There are 2 protein chains.
Amino acid sequence: MYIGIDLGGTKIAAGLVTKDGEIKFQSTLPTNPERGSEEVISDIIRIINLTALNMPANGEEIIGIGIGIPGHVIRNTNNLVYCVNLGWDMVDLKGRIERECRLPVYIENDAKAAALAEYSIGSLKGTQNSLLITLGTGVGGGVILNGKLYAGTNGKASEIGHMIVGENFYNCNCGQNGCYETFTSATALVKYTKKLLEDNKEETMILSRLKGNLDNLEAKVIFNCAREGDIIALKVIERFIHYLVIGISNLSNILDLEIIALGGGLSKSGRYLLELIEENIASNDFFGNINNAKIVTATLGNEAGIVGAAMLCRNNE
Amino acid sequence: MYIGIDLGGTKIAAGLVTKDGEIKFQSTLPTNPERGSEEVISDIIRIINLTALNMPANGEEIIGIGIGIPGHVIRNTNNLVYCVNLGWDMVDLKGRIERECRLPVYIENDAKAAALAEYSIGSLKGTQNSLLITLGTGVGGGVILNGKLYAGTNGKASEIGHMIVGENFYNCNCGQNGCYETFTSATALVKYTKKLLEDNKEETMILSRLKGNLDNLEAKVIFNCAREGDIIALKVIERFIHYLVIGISNLSNILDLEIIALGGGLSKSGRYLLELIEENIASNDFFGNINNAKIVTATLGNEAGIVGAAMLCRNNE
């Protein structure tokens with residue numbers, strides 16, 4: 001049995017997970033990152049101890065603790081972690097928890113942990129070379145190569161959101177122009193819609209849906225309006241699909257993958273999204289590899305975080 | 001001892017190669033691909049036999065034969081090979097040679113074999129995760145991951161020349177627009193220079209260097225004129241470096257690499273090329289990973305083909 005921890009900006013979710021990825025017990029605590037890393041880590045240890053108390057009394061033992069973090073594990077600094085959204089800069093999360101809990105601790109970026117969950121029990125199961133792309137506020141991912149989660153030299157591989165795929169009307173937070181996530185994240189859809197609305201002369205249902213308040217604009221509204229044929233929304237979705245498929249083509253050409261799974265909030269449009277992608281691929285002349293990769297939506301929901309974190313223990317065995 | 005074969009459009013080069021990548025004997029035959037695959041394969045077998053005759057009489061044996069090809073090995077078709085430039089479509093190169101020579105035969109794309117040579121005895125030696133980018137008539141590459149040449153699901157990984165990095169004024173041969181090689185190959189430099197010369201009003205030394213015949217334009221002339229300060233040539237090189245670095249950044253962000261080596265004809269500009277790349281990276285705000293990768297020029301010359309082919313045997317041991 002493993003303990004999987006999904007550390008997010010809002011909550012710390014913990015689960016007792018079997019070798020086969022089944023969650024036997026789970027619980028959450030609020031993160032409140034403004035408290036600083038020391039107090040958050042104390043709560044992580046508290047939830048680990050609580051989880052351990054729920055072990056079945058069948059003689060089985062906890063073999064390891066896996067933690068998915070909204071940031072990076074810097075391999076060449078003795079696995080210190082860096083999480084910009086939590087305000088953590090070079091925090092010894094692994095050391096602290098190993099000393100307190102006396103179990104091996106494995107830490108990984110949360111999108112990579114989610115990829116490992118999809119690989120273990122979800123959409124990427126049974127593959128040797130595959131990829132999860134998470135389409136959320138930002139765009140992240142996790143690459144499975146030769147049947148293992150690929151970490152990279154410094155633990156910073158799979159930064160697919162910062163792959164440059166064109167020129168954009170605004171720069172990415174990272175400083176580059178044309179990053180994949182500036183075309184394909186929920187944030188990107190909202191920004192581009194606002195831009196189109198600024199100099200728009202067409203009829204659009206978007207504004208009435210928002211009751212005139214553009215601050216309420218989110219990707220879901222854009223998807224819904226596009227399905228109903230709204231011209232502005234369709235223009236936004238068309239551009240989104242155009243660049244989404246370019247990135248999928250690039251990653252196929254570099255890595256020659258069996259399956260590419262789409263996760264994160266935007267993947268909830270499910271069949272509609274996959275059909276638009278298929279149409280785009282069929283009507284363009286893409287280089288060969290994309291035609292050999294199967295494109296699907298991720299099958300795990302929120303539990304991907306806990307399961308993926310737990311599977312880090314198995315991935316490192 | 002291994003036999004390494006570098007099968008090109010012009011010649012078949014063969015070598016007797018030690019486990020450490022040292023060439024003990026080498027010879028070549030013309031390819032003349034218009035003869036068809038049967039006759040070319042007969043000549044490959046002939047040069048293998050000739051090479052084997054040159055084994056030292058010290059009891060050592062030939063363990064395997066490696067072949068680098070200007071095309072792809074399609075893994076899910078029992079390793080049939082496809083080489084568009086040779087006119088080969090699903091040729092059983094491996095089967096034919098194994099039956100005749102009674103030794104294990106390993107076949108790989110030539111850019112990937114060159115990457116393996118660089119990894120074995122050249123610029124990528126000692127790395128776990130690294131990349132060779134070949135900047136020639138087209139752009140290819142080979143990725144080393146976890147200390148092994150990465151093949152991909154169908155043996156078609158490392159097609160970095162077809163990574164889309166922007167929009168271009170002409171389409172790639174593959175049908176896509178914006179492929180890396182339409183910005184960064186020798187062909188791309190020549191095309192863009194011709195385009196600039198068409199509507200040029202500036203003084204340029206390029207035309208006088210070519211004695212007015214644009215058909216003589218090649219990348220070397222453009223590099224030479226740029227070094228001498230020619231405005232048109234500098235504009236071409238600036239655009240080349242801009243996109244070259246974008247691709248390097250993308251590959252760093254996806255794969256988090258230790259070393260990226262540049263090979264192929266355009267890499268012969270050596271120190272000049274590396275300095276332009278360094279300047280570009282320093283004056284732009286790239287996402288983190290590129291700053292962790294060391295960018296160098298490949299150290300092996302033409303022998304990379306034979307050595308890399310031979311090392312395929314070691315890579316598969």
# chains A, B, ... in the order shown; residues from 1 in each chain; ligands from 1
$ interface_residues --of "chain B" --to "chain A" --cutoff "7 Å" --atoms "only C-alpha atoms" --output "PyMOL selection string"
chain B and resi 129+152-154+156-160+162-167+174-176+246+250+253-258+285-287
$ residues_around --residues "Ala309 (chain B)" --least-positions-apart "5" --cutoff "9 Å" --atoms "only C-alpha atoms" --output "PyMOL selection string"
chain B and resi 3-6+65-69+106-108+110+113-114+116-117+304
$ residues_around --residues "Asp43 (chain A)" --least-positions-apart "4" --cutoff "12 Å" --atoms "only C-alpha atoms" --output "NGL selection string"
:A and (5 or 7 or 11-14 or 28-33 or 35-39 or 47-50 or 97)
$ closest_residue --among "A:Val91, A:Leu124, A:Val139, A:Ala298" --to "Gly270 (chain A)" --atoms "only C-alpha atoms"
A:Ala298
$ atom_distance --atom1 "CA of Leu234 (chain A)" --atom2 "CA of Phe169 (chain A)"
18.8 Å
$ residues_around --residues "Pro70 (chain B)" --least-positions-apart "6" --cutoff "10 Å" --atoms "only C-alpha atoms" --output "list in words"
Asp6, Leu7, Gly8, Gly9, Val81, Tyr82, Cys83, Val84, Asn85, Leu86, Glu108, Asn109, Asp110 and Ala111 of chain B
$ write_last_selection --atoms "N, CA and C atoms" --output "PDB file, in the first residue's frame"
ATOM      1  N   ASP B   6      27.218   2.925 -43.583  1.00  0.00           N
ATOM      2  CA  ASP B   6      26.531   4.208 -43.748  1.00  0.00           C
ATOM      3  C   ASP B   6      26.003   4.247 -45.181  1.00  0.00           C
ATOM      4  N   LEU B   7      24.702   3.982 -45.298  1.00  0.00           N
ATOM      5  CA  LEU B   7      24.080   3.936 -46.627  1.00  0.00           C
ATOM      6  C   LEU B   7      23.561   5.317 -46.991  1.00  0.00           C
ATOM      7  N   GLY B   8      24.140   5.934 -48.003  1.00  0.00           N
ATOM      8  CA  GLY B   8      23.710   7.269 -48.433  1.00  0.00           C
ATOM      9  C   GLY B   8      23.184   7.234 -49.859  1.00  0.00           C
ATOM     10  N   GLY B   9      22.700   8.363 -50.337  1.00  0.00           N
ATOM     11  CA  GLY B   9      22.195   8.440 -51.704  1.00  0.00           C
ATOM     12  C   GLY B   9      23.314   8.330 -52.722  1.00  0.00           C
ATOM     13  N   VAL B  81      12.154  -1.268 -44.286  1.00  0.00           N
ATOM     14  CA  VAL B  81      12.651   0.105 -44.333  1.00  0.00           C
ATOM     15  C   VAL B  81      12.048   0.896 -45.489  1.00  0.00           C
ATOM     16  N   TYR B  82      11.963   2.202 -45.222  1.00  0.00           N
ATOM     17  CA  TYR B  82      11.345   3.150 -46.141  1.00  0.00           C
ATOM     18  C   TYR B  82      12.334   4.295 -46.332  1.00  0.00           C
ATOM     19  N   CYS B  83      12.864   4.484 -47.540  1.00  0.00           N
ATOM     20  CA  CYS B  83      13.836   5.561 -47.807  1.00  0.00           C
ATOM     21  C   CYS B  83      13.378   6.310 -49.051  1.00  0.00           C
ATOM     22  N   VAL B  84      12.739   7.437 -48.858  1.00  0.00           N
ATOM     23  CA  VAL B  84      12.159   8.141 -49.994  1.00  0.00           C
ATOM     24  C   VAL B  84      13.234   8.520 -51.025  1.00  0.00           C
ATOM     25  N   ASN B  85      14.414   8.944 -50.563  1.00  0.00           N
ATOM     26  CA  ASN B  85      15.463   9.378 -51.493  1.00  0.00           C
ATOM     27  C   ASN B  85      16.059   8.238 -52.315  1.00  0.00           C
ATOM     28  N   LEU B  86      15.953   7.021 -51.806  1.00  0.00           N
ATOM     29  CA  LEU B  86      16.477   5.869 -52.553  1.00  0.00           C
ATOM     30  C   LEU B  86      15.380   5.201 -53.370  1.00  0.00           C
ATOM     31  N   GLU B 108      18.962   1.730 -38.443  1.00  0.00           N
ATOM     32  CA  GLU B 108      18.380   2.944 -37.864  1.00  0.00           C
ATOM     33  C   GLU B 108      18.544   4.092 -38.841  1.00  0.00           C
ATOM     34  N   ASN B 109      17.680   5.071 -38.721  1.00  0.00           N
ATOM     35  CA  ASN B 109      17.787   6.333 -39.449  1.00  0.00           C
ATOM     36  C   ASN B 109      19.193   6.932 -39.259  1.00  0.00           C
ATOM     37  N   ASP B 110      19.766   7.518 -40.312  1.00  0.00           N
ATOM     38  CA  ASP B 110      21.165   7.958 -40.243  1.00  0.00           C
ATOM     39  C   ASP B 110      21.421   9.106 -39.252  1.00  0.00           C
ATOM     40  N   ALA B 111      20.435  10.008 -39.106  1.00  0.00           N
ATOM     41  CA  ALA B 111      20.645  11.096 -38.132  1.00  0.00           C
ATOM     42  C   ALA B 111      20.662  10.520 -36.720  1.00  0.00           C
TER      43      ALA B 111
END
$ closest_residue --among "B:Glu198, B:Glu34, B:Glu228, B:Glu181" --to "Trp88 (chain B)" --atoms "only C-alpha atoms"
B:Glu34
$ residues_around --residues "Glu303 (chain B)" --least-positions-apart "2" --cutoff "9 Å" --atoms "only C-alpha atoms" --output "list in words"
Asp6, Ile23, Ala114, Ala117, Leu300, Gly301, Gly305, Ile306, Val307 and Gly308 of chain B
$ residues_around --residues "Tyr192 (chain A)" --least-positions-apart "2" --cutoff "10 Å" --atoms "only C-alpha atoms" --output "NGL selection string"
:A and (168-170 or 182-183 or 187-190 or 194-198 or 232-233 or 235-237 or 239-240)
$ select_by_dssp --residues "region 109-169 of chain A" --states "strand (DSSP E)" --output "list in words"
Asn109, Ser130, Leu131, Leu132, Ile133, Thr134, Leu135, Val139, Gly140, Gly141, Gly142, Val143, Ile144, Leu145, Lys148 and Leu149 of chain A
$ write_last_selection --atoms "N, CA, C and O atoms" --output "PDB file, in the first residue's frame"
ATOM      1  N   ASN A 109       6.284  16.799 -10.052  1.00  0.00           N
ATOM      2  CA  ASN A 109       5.347  17.783 -10.584  1.00  0.00           C
ATOM      3  C   ASN A 109       3.966  17.147 -10.764  1.00  0.00           C
ATOM      4  O   ASN A 109       3.857  16.000 -11.187  1.00  0.00           O
ATOM      5  N   SER A 130       3.884   7.476 -24.390  1.00  0.00           N
ATOM      6  CA  SER A 130       2.615   8.198 -24.450  1.00  0.00           C
ATOM      7  C   SER A 130       2.721   9.495 -23.676  1.00  0.00           C
ATOM      8  O   SER A 130       3.757   9.794 -23.066  1.00  0.00           O
ATOM      9  N   LEU A 131       1.653  10.266 -23.703  1.00  0.00           N
ATOM     10  CA  LEU A 131       1.714  11.636 -23.192  1.00  0.00           C
ATOM     11  C   LEU A 131       0.368  12.062 -22.657  1.00  0.00           C
ATOM     12  O   LEU A 131      -0.655  11.783 -23.278  1.00  0.00           O
ATOM     13  N   LEU A 132       0.363  12.729 -21.522  1.00  0.00           N
ATOM     14  CA  LEU A 132      -0.819  13.446 -21.042  1.00  0.00           C
ATOM     15  C   LEU A 132      -0.553  14.944 -21.211  1.00  0.00           C
ATOM     16  O   LEU A 132       0.496  15.438 -20.775  1.00  0.00           O
ATOM     17  N   ILE A 133      -1.477  15.639 -21.871  1.00  0.00           N
ATOM     18  CA  ILE A 133      -1.420  17.104 -21.947  1.00  0.00           C
ATOM     19  C   ILE A 133      -2.533  17.637 -21.057  1.00  0.00           C
ATOM     20  O   ILE A 133      -3.695  17.275 -21.250  1.00  0.00           O
ATOM     21  N   THR A 134      -2.200  18.451 -20.067  1.00  0.00           N
ATOM     22  CA  THR A 134      -3.234  19.015 -19.207  1.00  0.00           C
ATOM     23  C   THR A 134      -3.555  20.432 -19.661  1.00  0.00           C
ATOM     24  O   THR A 134      -2.706  21.316 -19.634  1.00  0.00           O
ATOM     25  N   LEU A 135      -4.805  20.619 -20.102  1.00  0.00           N
ATOM     26  CA  LEU A 135      -5.269  21.899 -20.619  1.00  0.00           C
ATOM     27  C   LEU A 135      -6.099  22.584 -19.547  1.00  0.00           C
ATOM     28  O   LEU A 135      -7.300  22.337 -19.431  1.00  0.00           O
ATOM     29  N   VAL A 139      -0.873  25.157 -19.332  1.00  0.00           N
ATOM     30  CA  VAL A 139      -0.793  23.865 -20.014  1.00  0.00           C
ATOM     31  C   VAL A 139       0.452  23.142 -19.519  1.00  0.00           C
ATOM     32  O   VAL A 139       1.541  23.721 -19.486  1.00  0.00           O
ATOM     33  N   GLY A 140       0.262  21.908 -19.072  1.00  0.00           N
ATOM     34  CA  GLY A 140       1.395  21.106 -18.614  1.00  0.00           C
ATOM     35  C   GLY A 140       1.334  19.738 -19.245  1.00  0.00           C
ATOM     36  O   GLY A 140       0.541  19.486 -20.152  1.00  0.00           O
ATOM     37  N   GLY A 141       2.141  18.846 -18.736  1.00  0.00           N
ATOM     38  CA  GLY A 141       2.102  17.521 -19.311  1.00  0.00           C
ATOM     39  C   GLY A 141       3.039  16.568 -18.629  1.00  0.00           C
ATOM     40  O   GLY A 141       3.802  16.947 -17.726  1.00  0.00           O
ATOM     41  N   GLY A 142       2.926  15.324 -19.008  1.00  0.00           N
ATOM     42  CA  GLY A 142       3.811  14.296 -18.504  1.00  0.00           C
ATOM     43  C   GLY A 142       4.030  13.283 -19.605  1.00  0.00           C
ATOM     44  O   GLY A 142       3.081  12.865 -20.271  1.00  0.00           O
ATOM     45  N   VAL A 143       5.292  12.918 -19.816  1.00  0.00           N
ATOM     46  CA  VAL A 143       5.643  12.005 -20.888  1.00  0.00           C
ATOM     47  C   VAL A 143       6.041  10.655 -20.306  1.00  0.00           C
ATOM     48  O   VAL A 143       6.851  10.593 -19.380  1.00  0.00           O
ATOM     49  N   ILE A 144       5.446   9.612 -20.833  1.00  0.00           N
ATOM     50  CA  ILE A 144       5.844   8.245 -20.500  1.00  0.00           C
ATOM     51  C   ILE A 144       6.720   7.742 -21.654  1.00  0.00           C
ATOM     52  O   ILE A 144       6.278   7.749 -22.804  1.00  0.00           O
ATOM     53  N   LEU A 145       7.954   7.348 -21.352  1.00  0.00           N
ATOM     54  CA  LEU A 145       8.843   6.833 -22.398  1.00  0.00           C
ATOM     55  C   LEU A 145       9.396   5.483 -21.956  1.00  0.00           C
ATOM     56  O   LEU A 145       9.834   5.338 -20.808  1.00  0.00           O
ATOM     57  N   LYS A 148       8.116   4.253 -18.584  1.00  0.00           N
ATOM     58  CA  LYS A 148       8.440   4.959 -17.329  1.00  0.00           C
ATOM     59  C   LYS A 148       8.126   6.442 -17.493  1.00  0.00           C
ATOM     60  O   LYS A 148       8.261   6.996 -18.586  1.00  0.00           O
ATOM     61  N   LEU A 149       7.756   7.084 -16.392  1.00  0.00           N
ATOM     62  CA  LEU A 149       7.609   8.535 -16.411  1.00  0.00           C
ATOM     63  C   LEU A 149       8.986   9.140 -16.659  1.00  0.00           C
ATOM     64  O   LEU A 149       9.950   8.807 -15.974  1.00  0.00           O
TER      65      LEU A 149
END
$ decode --residues "region 219-230 of chain B" --atoms "all heavy atoms" --output "PDB file, in the first residue's frame"
ATOM      1  N   ALA B 219      24.515  27.910 -48.687  1.00  0.00           N
ATOM      2  CA  ALA B 219      24.542  28.461 -47.330  1.00  0.00           C
ATOM      3  C   ALA B 219      25.911  29.056 -46.974  1.00  0.00           C
ATOM      4  O   ALA B 219      26.000  30.089 -46.310  1.00  0.00           O
ATOM      5  CB  ALA B 219      24.151  27.383 -46.329  1.00  0.00           C
ATOM      6  N   LYS B 220      26.968  28.405 -47.450  1.00  0.00           N
ATOM      7  CA  LYS B 220      28.322  28.862 -47.132  1.00  0.00           C
ATOM      8  C   LYS B 220      28.560  30.306 -47.579  1.00  0.00           C
ATOM      9  O   LYS B 220      29.161  31.103 -46.859  1.00  0.00           O
ATOM     10  CB  LYS B 220      29.309  27.931 -47.845  1.00  0.00           C
ATOM     11  CG  LYS B 220      30.698  27.948 -47.291  1.00  0.00           C
ATOM     12  CD  LYS B 220      31.551  26.912 -47.990  1.00  0.00           C
ATOM     13  CE  LYS B 220      33.023  27.215 -47.801  1.00  0.00           C
ATOM     14  NZ  LYS B 220      33.854  26.302 -48.597  1.00  0.00           N
ATOM     15  N   VAL B 221      28.071  30.642 -48.775  1.00  0.00           N
ATOM     16  CA  VAL B 221      28.209  32.005 -49.298  1.00  0.00           C
ATOM     17  C   VAL B 221      27.486  32.991 -48.381  1.00  0.00           C
ATOM     18  O   VAL B 221      28.011  34.064 -48.058  1.00  0.00           O
ATOM     19  CB  VAL B 221      27.607  32.086 -50.733  1.00  0.00           C
ATOM     20  CG1 VAL B 221      27.658  33.513 -51.257  1.00  0.00           C
ATOM     21  CG2 VAL B 221      28.320  31.125 -51.676  1.00  0.00           C
ATOM     22  N   ILE B 222      26.292  32.598 -47.932  1.00  0.00           N
ATOM     23  CA  ILE B 222      25.496  33.476 -47.063  1.00  0.00           C
ATOM     24  C   ILE B 222      26.232  33.715 -45.740  1.00  0.00           C
ATOM     25  O   ILE B 222      26.345  34.854 -45.273  1.00  0.00           O
ATOM     26  CB  ILE B 222      24.095  32.871 -46.809  1.00  0.00           C
ATOM     27  CG1 ILE B 222      23.403  32.584 -48.149  1.00  0.00           C
ATOM     28  CG2 ILE B 222      23.246  33.790 -45.937  1.00  0.00           C
ATOM     29  CD1 ILE B 222      22.182  31.690 -48.048  1.00  0.00           C
ATOM     30  N   PHE B 223      26.770  32.639 -45.167  1.00  0.00           N
ATOM     31  CA  PHE B 223      27.538  32.787 -43.914  1.00  0.00           C
ATOM     32  C   PHE B 223      28.752  33.694 -44.120  1.00  0.00           C
ATOM     33  O   PHE B 223      29.012  34.593 -43.314  1.00  0.00           O
ATOM     34  CB  PHE B 223      27.989  31.405 -43.403  1.00  0.00           C
ATOM     35  CG  PHE B 223      27.013  30.786 -42.451  1.00  0.00           C
ATOM     36  CD1 PHE B 223      26.068  29.865 -42.901  1.00  0.00           C
ATOM     37  CD2 PHE B 223      27.015  31.124 -41.113  1.00  0.00           C
ATOM     38  CE1 PHE B 223      25.154  29.303 -42.024  1.00  0.00           C
ATOM     39  CE2 PHE B 223      26.106  30.570 -40.228  1.00  0.00           C
ATOM     40  CZ  PHE B 223      25.168  29.649 -40.680  1.00  0.00           C
ATOM     41  N   ASN B 224      29.484  33.480 -45.212  1.00  0.00           N
ATOM     42  CA  ASN B 224      30.674  34.294 -45.465  1.00  0.00           C
ATOM     43  C   ASN B 224      30.321  35.767 -45.621  1.00  0.00           C
ATOM     44  O   ASN B 224      30.986  36.642 -45.054  1.00  0.00           O
ATOM     45  CB  ASN B 224      31.408  33.785 -46.711  1.00  0.00           C
ATOM     46  CG  ASN B 224      32.128  32.478 -46.435  1.00  0.00           C
ATOM     47  OD1 ASN B 224      32.374  32.141 -45.266  1.00  0.00           O
ATOM     48  ND2 ASN B 224      32.453  31.746 -47.484  1.00  0.00           N
ATOM     49  N   CYS B 225      29.258  36.047 -46.384  1.00  0.00           N
ATOM     50  CA  CYS B 225      28.862  37.444 -46.595  1.00  0.00           C
ATOM     51  C   CYS B 225      28.378  38.079 -45.283  1.00  0.00           C
ATOM     52  O   CYS B 225      28.626  39.265 -45.033  1.00  0.00           O
ATOM     53  CB  CYS B 225      27.773  37.545 -47.665  1.00  0.00           C
ATOM     54  SG  CYS B 225      28.370  37.112 -49.315  1.00  0.00           S
ATOM     55  N   ALA B 226      27.698  37.279 -44.451  1.00  0.00           N
ATOM     56  CA  ALA B 226      27.227  37.807 -43.161  1.00  0.00           C
ATOM     57  C   ALA B 226      28.409  38.199 -42.283  1.00  0.00           C
ATOM     58  O   ALA B 226      28.416  39.265 -41.662  1.00  0.00           O
ATOM     59  CB  ALA B 226      26.354  36.776 -42.460  1.00  0.00           C
ATOM     60  N   ARG B 227      29.419  37.361 -42.270  1.00  0.00           N
ATOM     61  CA  ARG B 227      30.616  37.667 -41.470  1.00  0.00           C
ATOM     62  C   ARG B 227      31.288  38.948 -41.926  1.00  0.00           C
ATOM     63  O   ARG B 227      31.941  39.631 -41.150  1.00  0.00           O
ATOM     64  CB  ARG B 227      31.631  36.539 -41.622  1.00  0.00           C
ATOM     65  CG  ARG B 227      31.307  35.326 -40.783  1.00  0.00           C
ATOM     66  CD  ARG B 227      32.570  34.503 -40.688  1.00  0.00           C
ATOM     67  NE  ARG B 227      32.258  33.093 -40.637  1.00  0.00           N
ATOM     68  CZ  ARG B 227      32.861  32.262 -39.790  1.00  0.00           C
ATOM     69  NH1 ARG B 227      33.784  32.709 -38.976  1.00  0.00           N
ATOM     70  NH2 ARG B 227      32.559  30.992 -39.777  1.00  0.00           N
ATOM     71  N   GLU B 228      31.123  39.248 -43.233  1.00  0.00           N
ATOM     72  CA  GLU B 228      31.734  40.476 -43.762  1.00  0.00           C
ATOM     73  C   GLU B 228      30.780  41.664 -43.654  1.00  0.00           C
ATOM     74  O   GLU B 228      31.049  42.733 -44.184  1.00  0.00           O
ATOM     75  CB  GLU B 228      32.172  40.244 -45.204  1.00  0.00           C
ATOM     76  CG  GLU B 228      33.323  39.243 -45.286  1.00  0.00           C
ATOM     77  CD  GLU B 228      33.731  38.956 -46.731  1.00  0.00           C
ATOM     78  OE1 GLU B 228      33.910  39.916 -47.506  1.00  0.00           O
ATOM     79  OE2 GLU B 228      33.857  37.757 -47.078  1.00  0.00           O
ATOM     80  N   GLY B 229      29.618  41.438 -43.000  1.00  0.00           N
ATOM     81  CA  GLY B 229      28.734  42.562 -42.709  1.00  0.00           C
ATOM     82  C   GLY B 229      27.673  42.854 -43.762  1.00  0.00           C
ATOM     83  O   GLY B 229      26.997  43.886 -43.691  1.00  0.00           O
ATOM     84  N   ASP B 230      27.507  41.996 -44.738  1.00  0.00           N
ATOM     85  CA  ASP B 230      26.494  42.237 -45.769  1.00  0.00           C
ATOM     86  C   ASP B 230      25.085  42.253 -45.152  1.00  0.00           C
ATOM     87  O   ASP B 230      24.696  41.334 -44.422  1.00  0.00           O
ATOM     88  CB  ASP B 230      26.566  41.133 -46.829  1.00  0.00           C
ATOM     89  CG  ASP B 230      25.577  41.375 -47.951  1.00  0.00           C
ATOM     90  OD1 ASP B 230      25.893  42.192 -48.831  1.00  0.00           O
ATOM     91  OD2 ASP B 230      24.480  40.773 -47.915  1.00  0.00           O
TER      92      ASP B 230
END
